[in-house]
Structure formats: C-alpha cells, structure tokens
Amino acid sequence: MSLPTTLWIVLGTQWTAAAVFTLLGVVLLRRSVADDAARFASVMFALWWFGLGVSKFVAGLRIALQVPDVPLSLLVGLSFVSSSAVAIGLAGLLCHLIYLFTGRTALLWPVIGFYALLCGWIISSSSVWNPVGVEISAWGAEFAYAQPYTMAYRLVVLLVIVGPQVLAVAALFVMAARLPSSAGRFRTIVVAASVAIYIVDALIAPAYPADSAIWQIVHHMIPIGVGLGVLAVYRPPRWLRGRMPPELSATALREAAGA
C-alpha cells in the first residue's frame, strides 16, 4: 500500500487513540463497584469510550483501505458502523451522567431509543446526500457527496452530538466545584477537562492550517492525550497512586456535592 508519510502518521494516531479508548473502556468495565446501579454507571461510561474507539478505528481503516478495487459501499458501510458506535457511546455518556446526578437508571431505554432514531436519521440522510467517492488529502480521507449537506442538517447534528458532551462537561465541572479535595475533585476535574479538550479540538479542527504539519500532528495526538489522561485517574501509575484521593461511589459523590 502506497501512502504518503502524513497519512501513515494519521493512521497510526487514529489506531493508537482507538486502542487507548478501548483500554479505558475495559478498565471501566473491570472496576470494583458497590452494587448493580454502580455497575450500570460504569458500563454506560465504558460505552462512551468504546464508541469513540470504534470511531477512531474506522477513521484509520478508511485511510488504510485506500487501495484499488475497494468498493465504495464497503467504506460507506464502515461509516455507518462508526455512526452507530458514536450514537451508542453518546447514549452511554448521557445515562452515566443522569445516574451520577440522580441515582436513577430508568431513563436508559428512552435515551437509547432517541439515539437509535438519531443514528437511523444520520444514516438515511447520508444516503440522500449520495456519497460518490472518497477525497484523499495530505492529512485525512473524507467522503465526497453528490449533494452538499444543508446548514439545517449540520446544526441538528451539532446540537444532538456535541450538545450532550458539552452538557456532560458542564455538569462534571459543577460537581467538581462542590466537592472537597478529599472527595475526588481532582479525578472529576481531569475527566471533565479531558472531554472538554476533546470537544474543542474536534470543533476547531477545520480551522487548523492544512499545510502545517505541527498543527495537524497536535490535532491527531490530542485524542491520545485525552484518553491517557482519563486512564491515569482510573488506573493511576504507581508514582501517582499514593497522591490520588480515594474514589467515592456515585452516591457518596452526590452527597458530597450536595446534589
């Protein structure tokens, strides 16, 4: 496979980020929890990171498959897999957040139903725009469509995809501000800040200079740093472990934060 060096860099960073996000999801699933409700919260948060991992893996695979005779239908199908994974991840993130603040799990199915409908809408809309090929640039590969996305479509997607993440970050920062330092404030701030950095980077990525290798490399390294940062507070290295405050249960967090 003949790819320029820049695309090899992108491929490597995408798959590294996918591996880090997947490892983080596994760590969350293997955490010791107090009860079934806490297990639910861990599983929901893990789904978010698994969804991001699948999305990054597919993004790298789209580059790796830029070889002759690869059918466009395969690449489109992979994008549908990515969209579905992100939708499941967003549902998990919202359910995790709702549980942290309310202790309730009853909203699981309505949230899943909403994002299932969203995923179906995105997939059907993509078919309407009619992908006709893949445009390869120095730093990525994107679908080319016979019809461009409408502004209304972009705004809706931005609202329902970015909106829950912004809500999660704001809610976590509010919770962290109410926590005493001994009750896991550092851990909560790191998670909130990491997700915030990920969101901001994704939003401003189109403004990065396309001809600047430094900016592009930083952009593709940020997800790896975000994943490693969150991983460090859930499975801290030995040198950090002794400095970390004990982790509280979701119930104790709500009580400490006055939620």
# chains A, B, ... in the order shown; residues from 1 in each chain; ligands from 1
$ residues_around --residues "stretch 69-73 of chain A" --least-positions-apart "4" --cutoff "9 Å" --atoms "only C-alpha atoms" --output "PyMOL selection string"
chain A and resi 65+77-78+131-134
$ write_last_selection --atoms "N, CA, C and O atoms" --output "CSV table (one decimal), in the first residue's frame"
chain,number,residue,atom,x,y,z
A,65,LEU,N,-7.7,1.5,3.7
A,65,LEU,CA,-8.4,0.9,2.6
A,65,LEU,C,-8.3,1.7,1.3
A,65,LEU,O,-9.0,1.4,0.4
A,77,GLY,N,-20.4,1.5,4.4
A,77,GLY,CA,-20.9,0.7,5.5
A,77,GLY,C,-20.1,0.8,6.7
A,77,GLY,O,-20.7,0.9,7.8
A,78,LEU,N,-18.8,1.0,6.6
A,78,LEU,CA,-18.0,1.3,7.8
A,78,LEU,C,-18.3,2.6,8.4
A,78,LEU,O,-18.3,2.7,9.7
A,131,PRO,N,-23.1,9.6,-1.3
A,131,PRO,CA,-21.6,9.6,-1.4
A,131,PRO,C,-21.2,9.0,-2.8
A,131,PRO,O,-21.7,8.0,-3.2
A,132,VAL,N,-20.3,9.7,-3.4
A,132,VAL,CA,-19.8,9.3,-4.7
A,132,VAL,C,-18.3,8.9,-4.8
A,132,VAL,O,-17.8,8.5,-5.8
A,133,GLY,N,-17.6,9.1,-3.6
A,133,GLY,CA,-16.2,8.8,-3.6
A,133,GLY,C,-15.6,9.2,-2.3
A,133,GLY,O,-16.3,9.7,-1.4
A,134,VAL,N,-14.3,9.0,-2.2
A,134,VAL,CA,-13.5,9.5,-1.0
A,134,VAL,C,-12.5,10.4,-1.5
A,134,VAL,O,-11.7,10.1,-2.4
$ select_by_dssp --residues "stretch 4-253 of chain A" --states "strand (DSSP E or B)" --output "count of residues only"
13
$ select_by_dssp --residues "stretch 46-82 of chain A" --states "helix (DSSP H, G or I)" --output "ChimeraX atom specification"
/A:46-64,72-82
$ write_last_selection --atoms "N, CA and C atoms" --output "PDB file, in the first residue's frame"
ATOM      1  N   ALA A  46     -18.262   3.287  30.083  1.00  0.00           N
ATOM      2  CA  ALA A  46     -17.396   2.488  29.212  1.00  0.00           C
ATOM      3  C   ALA A  46     -17.904   2.510  27.773  1.00  0.00           C
ATOM      4  N   LEU A  47     -19.230   2.490  27.597  1.00  0.00           N
ATOM      5  CA  LEU A  47     -19.793   2.532  26.244  1.00  0.00           C
ATOM      6  C   LEU A  47     -19.361   3.786  25.499  1.00  0.00           C
ATOM      7  N   TRP A  48     -19.262   4.892  26.208  1.00  0.00           N
ATOM      8  CA  TRP A  48     -18.822   6.144  25.588  1.00  0.00           C
ATOM      9  C   TRP A  48     -17.425   5.988  24.997  1.00  0.00           C
ATOM     10  N   TRP A  49     -16.520   5.422  25.779  1.00  0.00           N
ATOM     11  CA  TRP A  49     -15.143   5.274  25.309  1.00  0.00           C
ATOM     12  C   TRP A  49     -15.031   4.198  24.243  1.00  0.00           C
ATOM     13  N   PHE A  50     -15.812   3.129  24.356  1.00  0.00           N
ATOM     14  CA  PHE A  50     -15.821   2.117  23.299  1.00  0.00           C
ATOM     15  C   PHE A  50     -16.325   2.722  21.983  1.00  0.00           C
ATOM     16  N   GLY A  51     -17.355   3.568  22.084  1.00  0.00           N
ATOM     17  CA  GLY A  51     -17.874   4.216  20.883  1.00  0.00           C
ATOM     18  C   GLY A  51     -16.828   5.078  20.206  1.00  0.00           C
ATOM     19  N   LEU A  52     -16.093   5.858  21.010  1.00  0.00           N
ATOM     20  CA  LEU A  52     -15.015   6.672  20.446  1.00  0.00           C
ATOM     21  C   LEU A  52     -13.930   5.785  19.846  1.00  0.00           C
ATOM     22  N   GLY A  53     -13.649   4.663  20.504  1.00  0.00           N
ATOM     23  CA  GLY A  53     -12.630   3.753  19.992  1.00  0.00           C
ATOM     24  C   GLY A  53     -12.998   3.197  18.631  1.00  0.00           C
ATOM     25  N   VAL A  54     -14.248   2.779  18.477  1.00  0.00           N
ATOM     26  CA  VAL A  54     -14.702   2.265  17.183  1.00  0.00           C
ATOM     27  C   VAL A  54     -14.625   3.361  16.123  1.00  0.00           C
ATOM     28  N   SER A  55     -15.030   4.576  16.493  1.00  0.00           N
ATOM     29  CA  SER A  55     -14.990   5.692  15.550  1.00  0.00           C
ATOM     30  C   SER A  55     -13.568   5.958  15.067  1.00  0.00           C
ATOM     31  N   LYS A  56     -12.612   5.952  15.984  1.00  0.00           N
ATOM     32  CA  LYS A  56     -11.216   6.190  15.604  1.00  0.00           C
ATOM     33  C   LYS A  56     -10.666   5.041  14.763  1.00  0.00           C
ATOM     34  N   PHE A  57     -11.041   3.823  15.119  1.00  0.00           N
ATOM     35  CA  PHE A  57     -10.563   2.674  14.346  1.00  0.00           C
ATOM     36  C   PHE A  57     -11.078   2.739  12.912  1.00  0.00           C
ATOM     37  N   VAL A  58     -12.357   3.067  12.757  1.00  0.00           N
ATOM     38  CA  VAL A  58     -12.941   3.156  11.416  1.00  0.00           C
ATOM     39  C   VAL A  58     -12.299   4.295  10.627  1.00  0.00           C
ATOM     40  N   ALA A  59     -12.013   5.415  11.300  1.00  0.00           N
ATOM     41  CA  ALA A  59     -11.363   6.535  10.619  1.00  0.00           C
ATOM     42  C   ALA A  59     -10.000   6.112  10.075  1.00  0.00           C
ATOM     43  N   GLY A  60      -9.264   5.337  10.859  1.00  0.00           N
ATOM     44  CA  GLY A  60      -7.985   4.836  10.374  1.00  0.00           C
ATOM     45  C   GLY A  60      -8.156   3.813   9.269  1.00  0.00           C
ATOM     46  N   LEU A  61      -9.173   2.966   9.411  1.00  0.00           N
ATOM     47  CA  LEU A  61      -9.416   1.936   8.405  1.00  0.00           C
ATOM     48  C   LEU A  61      -9.786   2.556   7.062  1.00  0.00           C
ATOM     49  N   ARG A  62     -10.493   3.674   7.101  1.00  0.00           N
ATOM     50  CA  ARG A  62     -10.851   4.361   5.858  1.00  0.00           C
ATOM     51  C   ARG A  62      -9.596   4.785   5.092  1.00  0.00           C
ATOM     52  N   ILE A  63      -8.561   5.157   5.835  1.00  0.00           N
ATOM     53  CA  ILE A  63      -7.294   5.518   5.197  1.00  0.00           C
ATOM     54  C   ILE A  63      -6.565   4.266   4.717  1.00  0.00           C
ATOM     55  N   ALA A  64      -6.549   3.230   5.556  1.00  0.00           N
ATOM     56  CA  ALA A  64      -5.831   2.006   5.207  1.00  0.00           C
ATOM     57  C   ALA A  64      -6.414   1.330   3.977  1.00  0.00           C
ATOM     58  N   LEU A  72     -16.833   1.316  -2.858  1.00  0.00           N
ATOM     59  CA  LEU A  72     -17.297   2.450  -2.062  1.00  0.00           C
ATOM     60  C   LEU A  72     -18.332   2.005  -1.040  1.00  0.00           C
ATOM     61  N   SER A  73     -19.130   0.998  -1.397  1.00  0.00           N
ATOM     62  CA  SER A  73     -20.168   0.519  -0.479  1.00  0.00           C
ATOM     63  C   SER A  73     -19.567   0.008   0.829  1.00  0.00           C
ATOM     64  N   LEU A  74     -18.365  -0.576   0.763  1.00  0.00           N
ATOM     65  CA  LEU A  74     -17.705  -1.050   1.978  1.00  0.00           C
ATOM     66  C   LEU A  74     -17.331   0.123   2.874  1.00  0.00           C
ATOM     67  N   LEU A  75     -16.792   1.177   2.278  1.00  0.00           N
ATOM     68  CA  LEU A  75     -16.400   2.349   3.056  1.00  0.00           C
ATOM     69  C   LEU A  75     -17.624   3.038   3.654  1.00  0.00           C
ATOM     70  N   VAL A  76     -18.709   3.099   2.879  1.00  0.00           N
ATOM     71  CA  VAL A  76     -19.942   3.700   3.397  1.00  0.00           C
ATOM     72  C   VAL A  76     -20.492   2.860   4.545  1.00  0.00           C
ATOM     73  N   GLY A  77     -20.445   1.543   4.383  1.00  0.00           N
ATOM     74  CA  GLY A  77     -20.908   0.664   5.452  1.00  0.00           C
ATOM     75  C   GLY A  77     -20.110   0.850   6.730  1.00  0.00           C
ATOM     76  N   LEU A  78     -18.802   1.025   6.591  1.00  0.00           N
ATOM     77  CA  LEU A  78     -17.965   1.262   7.763  1.00  0.00           C
ATOM     78  C   LEU A  78     -18.326   2.584   8.439  1.00  0.00           C
ATOM     79  N   SER A  79     -18.671   3.586   7.636  1.00  0.00           N
ATOM     80  CA  SER A  79     -19.074   4.869   8.232  1.00  0.00           C
ATOM     81  C   SER A  79     -20.371   4.712   9.016  1.00  0.00           C
ATOM     82  N   PHE A  80     -21.268   3.826   8.545  1.00  0.00           N
ATOM     83  CA  PHE A  80     -22.499   3.569   9.287  1.00  0.00           C
ATOM     84  C   PHE A  80     -22.181   2.887  10.623  1.00  0.00           C
ATOM     85  N   VAL A  81     -21.212   1.981  10.610  1.00  0.00           N
ATOM     86  CA  VAL A  81     -20.778   1.336  11.854  1.00  0.00           C
ATOM     87  C   VAL A  81     -20.244   2.385  12.825  1.00  0.00           C
ATOM     88  N   SER A  82     -19.445   3.313  12.295  1.00  0.00           N
ATOM     89  CA  SER A  82     -18.886   4.374  13.129  1.00  0.00           C
ATOM     90  C   SER A  82     -19.988   5.248  13.719  1.00  0.00           C
TER      91      SER A  82
END
$ residues_around --residues "stretch 109-125 of chain A" --least-positions-apart "4" --cutoff "8 Å" --atoms "only C-alpha atoms" --output "list in words"
Phe80, Ser83, Ser84, Ala87, Ile88, Leu90, Ala91, Leu94, Cys95 and Trp129 of chain A
$ residues_around --residues "A:Leu172" --least-positions-apart "6" --cutoff "10 Å" --atoms "only C-alpha atoms" --output "ChimeraX atom specification"
/A:97,100-101,166,178,185,188-193
$ write_last_selection --atoms "N, CA and C atoms" --output "PDB file, in the first residue's frame"
ATOM      1  N   LEU A  97     -24.237  10.178  33.107  1.00  0.00           N
ATOM      2  CA  LEU A  97     -24.388  11.494  33.727  1.00  0.00           C
ATOM      3  C   LEU A  97     -25.683  11.575  34.538  1.00  0.00           C
ATOM      4  N   LEU A 100     -25.220   9.716  37.751  1.00  0.00           N
ATOM      5  CA  LEU A 100     -24.372  10.420  38.713  1.00  0.00           C
ATOM      6  C   LEU A 100     -25.155  11.473  39.488  1.00  0.00           C
ATOM      7  N   PHE A 101     -26.065  12.161  38.805  1.00  0.00           N
ATOM      8  CA  PHE A 101     -26.762  13.271  39.446  1.00  0.00           C
ATOM      9  C   PHE A 101     -28.086  12.872  40.085  1.00  0.00           C
ATOM     10  N   VAL A 166     -21.139  18.658  25.763  1.00  0.00           N
ATOM     11  CA  VAL A 166     -20.999  19.939  26.460  1.00  0.00           C
ATOM     12  C   VAL A 166     -21.746  19.892  27.790  1.00  0.00           C
ATOM     13  N   ARG A 178     -18.203  21.543  43.737  1.00  0.00           N
ATOM     14  CA  ARG A 178     -18.872  21.327  45.019  1.00  0.00           C
ATOM     15  C   ARG A 178     -18.160  20.307  45.895  1.00  0.00           C
ATOM     16  N   ARG A 185     -12.166  15.418  43.847  1.00  0.00           N
ATOM     17  CA  ARG A 185     -12.305  16.578  42.969  1.00  0.00           C
ATOM     18  C   ARG A 185     -11.327  16.499  41.798  1.00  0.00           C
ATOM     19  N   THR A 188     -12.509  14.119  39.088  1.00  0.00           N
ATOM     20  CA  THR A 188     -13.647  14.653  38.341  1.00  0.00           C
ATOM     21  C   THR A 188     -13.217  15.769  37.402  1.00  0.00           C
ATOM     22  N   ILE A 189     -12.313  16.633  37.863  1.00  0.00           N
ATOM     23  CA  ILE A 189     -11.832  17.733  37.028  1.00  0.00           C
ATOM     24  C   ILE A 189     -11.065  17.196  35.825  1.00  0.00           C
ATOM     25  N   VAL A 190     -10.232  16.185  36.040  1.00  0.00           N
ATOM     26  CA  VAL A 190      -9.454  15.622  34.933  1.00  0.00           C
ATOM     27  C   VAL A 190     -10.374  15.040  33.866  1.00  0.00           C
ATOM     28  N   VAL A 191     -11.398  14.305  34.292  1.00  0.00           N
ATOM     29  CA  VAL A 191     -12.335  13.722  33.329  1.00  0.00           C
ATOM     30  C   VAL A 191     -13.062  14.826  32.565  1.00  0.00           C
ATOM     31  N   ALA A 192     -13.561  15.833  33.289  1.00  0.00           N
ATOM     32  CA  ALA A 192     -14.285  16.928  32.637  1.00  0.00           C
ATOM     33  C   ALA A 192     -13.380  17.701  31.685  1.00  0.00           C
ATOM     34  N   ALA A 193     -12.170  18.018  32.130  1.00  0.00           N
ATOM     35  CA  ALA A 193     -11.243  18.780  31.291  1.00  0.00           C
ATOM     36  C   ALA A 193     -10.839  17.983  30.058  1.00  0.00           C
TER      37      ALA A 193
END
$ atom_distance --atom1 "atom CA of A:Val43" --atom2 "atom CA of A:Ala19"
17.8 Å
$ residues_around --residues "A:Leu203" --least-positions-apart "5" --cutoff "10 Å" --atoms "only C-alpha atoms" --output "list in words"
Leu158, Val162, Ile197 and Tyr198 of chain A
$ closest_residue --among "A:Ile161, A:Ala85, A:Ala138, A:Met175" --to "A:Val10" --atoms "only C-alpha atoms"
A:Ala138
$ closest_residue --among "A:Ala106, A:Val160, A:Ala41, A:Pro206" --to "A:Val86" --atoms "only C-alpha atoms"
A:Val160
$ atom_distance --atom1 "atom CA of A:Leu108" --atom2 "atom CA of A:Phe186"
28.1 Å
$ atom_distance --atom1 "atom CA of A:Ala232" --atom2 "atom CA of A:Arg104"
27.6 Å
$ closest_residue --among "A:Leu7, A:Ala141, A:Ala213, A:Leu93" --to "A:Met44" --atoms "only C-alpha atoms"
A:Leu93
$ closest_residue --among "A:Asn130, A:Gln66, A:Ser194, A:Gln216" --to "A:Tyr149" --atoms "only C-alpha atoms"
A:Asn130
$ closest_residue --among "A:Ala177, A:Leu155, A:Ala171, A:Ala196" --to "A:Ile222" --atoms "only C-alpha atoms"
A:Ala196
$ decode --residues "stretch 228-241 of chain A" --atoms "all heavy atoms" --output "short mmCIF file (atom, residue, chain, number, x, y, z; two decimals), in the first residue's frame"
data_model
loop_
_atom_site.label_atom_id
_atom_site.label_comp_id
_atom_site.auth_asym_id
_atom_site.auth_seq_id
_atom_site.Cartn_x
_atom_site.Cartn_y
_atom_site.Cartn_z
N LEU A 228 -5.31 8.96 27.59
CA LEU A 228 -4.31 8.62 28.60
C LEU A 228 -4.54 9.39 29.90
O LEU A 228 -4.31 8.86 31.00
CB LEU A 228 -2.90 8.92 28.06
CG LEU A 228 -2.42 8.00 26.93
CD1 LEU A 228 -1.06 8.46 26.42
CD2 LEU A 228 -2.34 6.54 27.41
N GLY A 229 -5.01 10.65 29.78
CA GLY A 229 -5.28 11.44 30.97
C GLY A 229 -6.39 10.83 31.81
O GLY A 229 -6.27 10.71 33.04
N VAL A 230 -7.48 10.43 31.15
CA VAL A 230 -8.59 9.80 31.89
C VAL A 230 -8.17 8.44 32.41
O VAL A 230 -8.52 8.06 33.54
CB VAL A 230 -9.83 9.69 30.98
CG1 VAL A 230 -10.97 9.00 31.73
CG2 VAL A 230 -10.28 11.07 30.51
N LEU A 231 -7.42 7.70 31.61
CA LEU A 231 -6.95 6.39 32.05
C LEU A 231 -6.09 6.51 33.31
O LEU A 231 -6.16 5.67 34.21
CB LEU A 231 -6.14 5.74 30.93
CG LEU A 231 -5.66 4.30 31.16
CD1 LEU A 231 -6.84 3.35 31.35
CD2 LEU A 231 -4.79 3.84 29.99
N ALA A 232 -5.29 7.58 33.39
CA ALA A 232 -4.39 7.76 34.53
C ALA A 232 -5.14 7.97 35.84
O ALA A 232 -4.63 7.62 36.91
CB ALA A 232 -3.45 8.94 34.27
N VAL A 233 -6.36 8.55 35.77
CA VAL A 233 -7.09 8.77 37.02
C VAL A 233 -7.94 7.57 37.41
O VAL A 233 -8.37 7.47 38.57
CB VAL A 233 -7.96 10.04 36.95
CG1 VAL A 233 -7.10 11.27 36.76
CG2 VAL A 233 -9.02 9.94 35.87
N TYR A 234 -8.21 6.67 36.47
CA TYR A 234 -8.94 5.46 36.81
C TYR A 234 -8.02 4.28 37.08
O TYR A 234 -8.37 3.36 37.82
CB TYR A 234 -9.94 5.10 35.70
CG TYR A 234 -11.19 5.94 35.77
CD1 TYR A 234 -11.38 7.01 34.90
CD2 TYR A 234 -12.17 5.67 36.71
CE1 TYR A 234 -12.52 7.80 34.97
CE2 TYR A 234 -13.32 6.45 36.79
CZ TYR A 234 -13.48 7.51 35.92
OH TYR A 234 -14.61 8.28 36.00
N ARG A 235 -6.85 4.30 36.47
CA ARG A 235 -5.81 3.31 36.78
C ARG A 235 -4.49 4.06 36.87
O ARG A 235 -3.66 4.00 35.96
CB ARG A 235 -5.75 2.20 35.73
CG ARG A 235 -4.68 1.16 36.03
CD ARG A 235 -4.79 -0.05 35.15
NE ARG A 235 -5.91 -0.90 35.53
CZ ARG A 235 -6.20 -2.07 34.94
NH1 ARG A 235 -5.45 -2.50 33.95
NH2 ARG A 235 -7.22 -2.78 35.35
N PRO A 236 -4.28 4.78 37.96
CA PRO A 236 -3.09 5.64 38.07
C PRO A 236 -1.80 4.83 38.12
O PRO A 236 -1.77 3.74 38.70
CB PRO A 236 -3.33 6.40 39.38
CG PRO A 236 -4.27 5.55 40.15
CD PRO A 236 -5.13 4.86 39.15
N PRO A 237 -0.74 5.36 37.53
CA PRO A 237 0.57 4.72 37.67
C PRO A 237 1.03 4.75 39.12
O PRO A 237 0.50 5.52 39.93
CB PRO A 237 1.47 5.57 36.76
CG PRO A 237 0.78 6.89 36.66
CD PRO A 237 -0.69 6.59 36.73
N ARG A 238 2.02 3.95 39.43
CA ARG A 238 2.44 3.80 40.82
C ARG A 238 2.85 5.13 41.45
O ARG A 238 2.51 5.41 42.60
CB ARG A 238 3.60 2.81 40.89
CG ARG A 238 4.07 2.50 42.30
CD ARG A 238 5.10 1.39 42.30
NE ARG A 238 4.55 0.16 41.74
CZ ARG A 238 5.27 -0.95 41.57
NH1 ARG A 238 6.54 -0.97 41.91
NH2 ARG A 238 4.71 -2.02 41.05
N TRP A 239 3.55 5.98 40.69
CA TRP A 239 4.03 7.24 41.26
C TRP A 239 2.89 8.20 41.58
O TRP A 239 3.03 9.09 42.42
CB TRP A 239 5.02 7.91 40.30
CG TRP A 239 4.43 8.27 38.96
CD1 TRP A 239 4.43 7.51 37.83
CD2 TRP A 239 3.76 9.49 38.61
NE1 TRP A 239 3.80 8.15 36.80
CE2 TRP A 239 3.38 9.37 37.25
CE3 TRP A 239 3.44 10.65 39.31
CZ2 TRP A 239 2.70 10.39 36.58
CZ3 TRP A 239 2.76 11.67 38.64
CH2 TRP A 239 2.40 11.53 37.29
N LEU A 240 1.73 8.01 40.92
CA LEU A 240 0.60 8.90 41.16
C LEU A 240 -0.41 8.31 42.13
O LEU A 240 -1.18 9.04 42.76
CB LEU A 240 -0.09 9.21 39.82
CG LEU A 240 -1.28 10.17 39.82
CD1 LEU A 240 -0.86 11.54 40.34
CD2 LEU A 240 -1.87 10.28 38.41
N ARG A 241 -0.36 7.00 42.29
CA ARG A 241 -1.39 6.31 43.06
C ARG A 241 -1.48 6.82 44.49
O ARG A 241 -2.57 7.02 45.03
CB ARG A 241 -1.09 4.81 43.05
CG ARG A 241 -2.26 3.92 43.42
CD ARG A 241 -1.90 2.48 43.15
NE ARG A 241 -1.55 2.27 41.75
CZ ARG A 241 -0.80 1.27 41.31
NH1 ARG A 241 -0.29 0.40 42.16
NH2 ARG A 241 -0.54 1.15 40.02
#
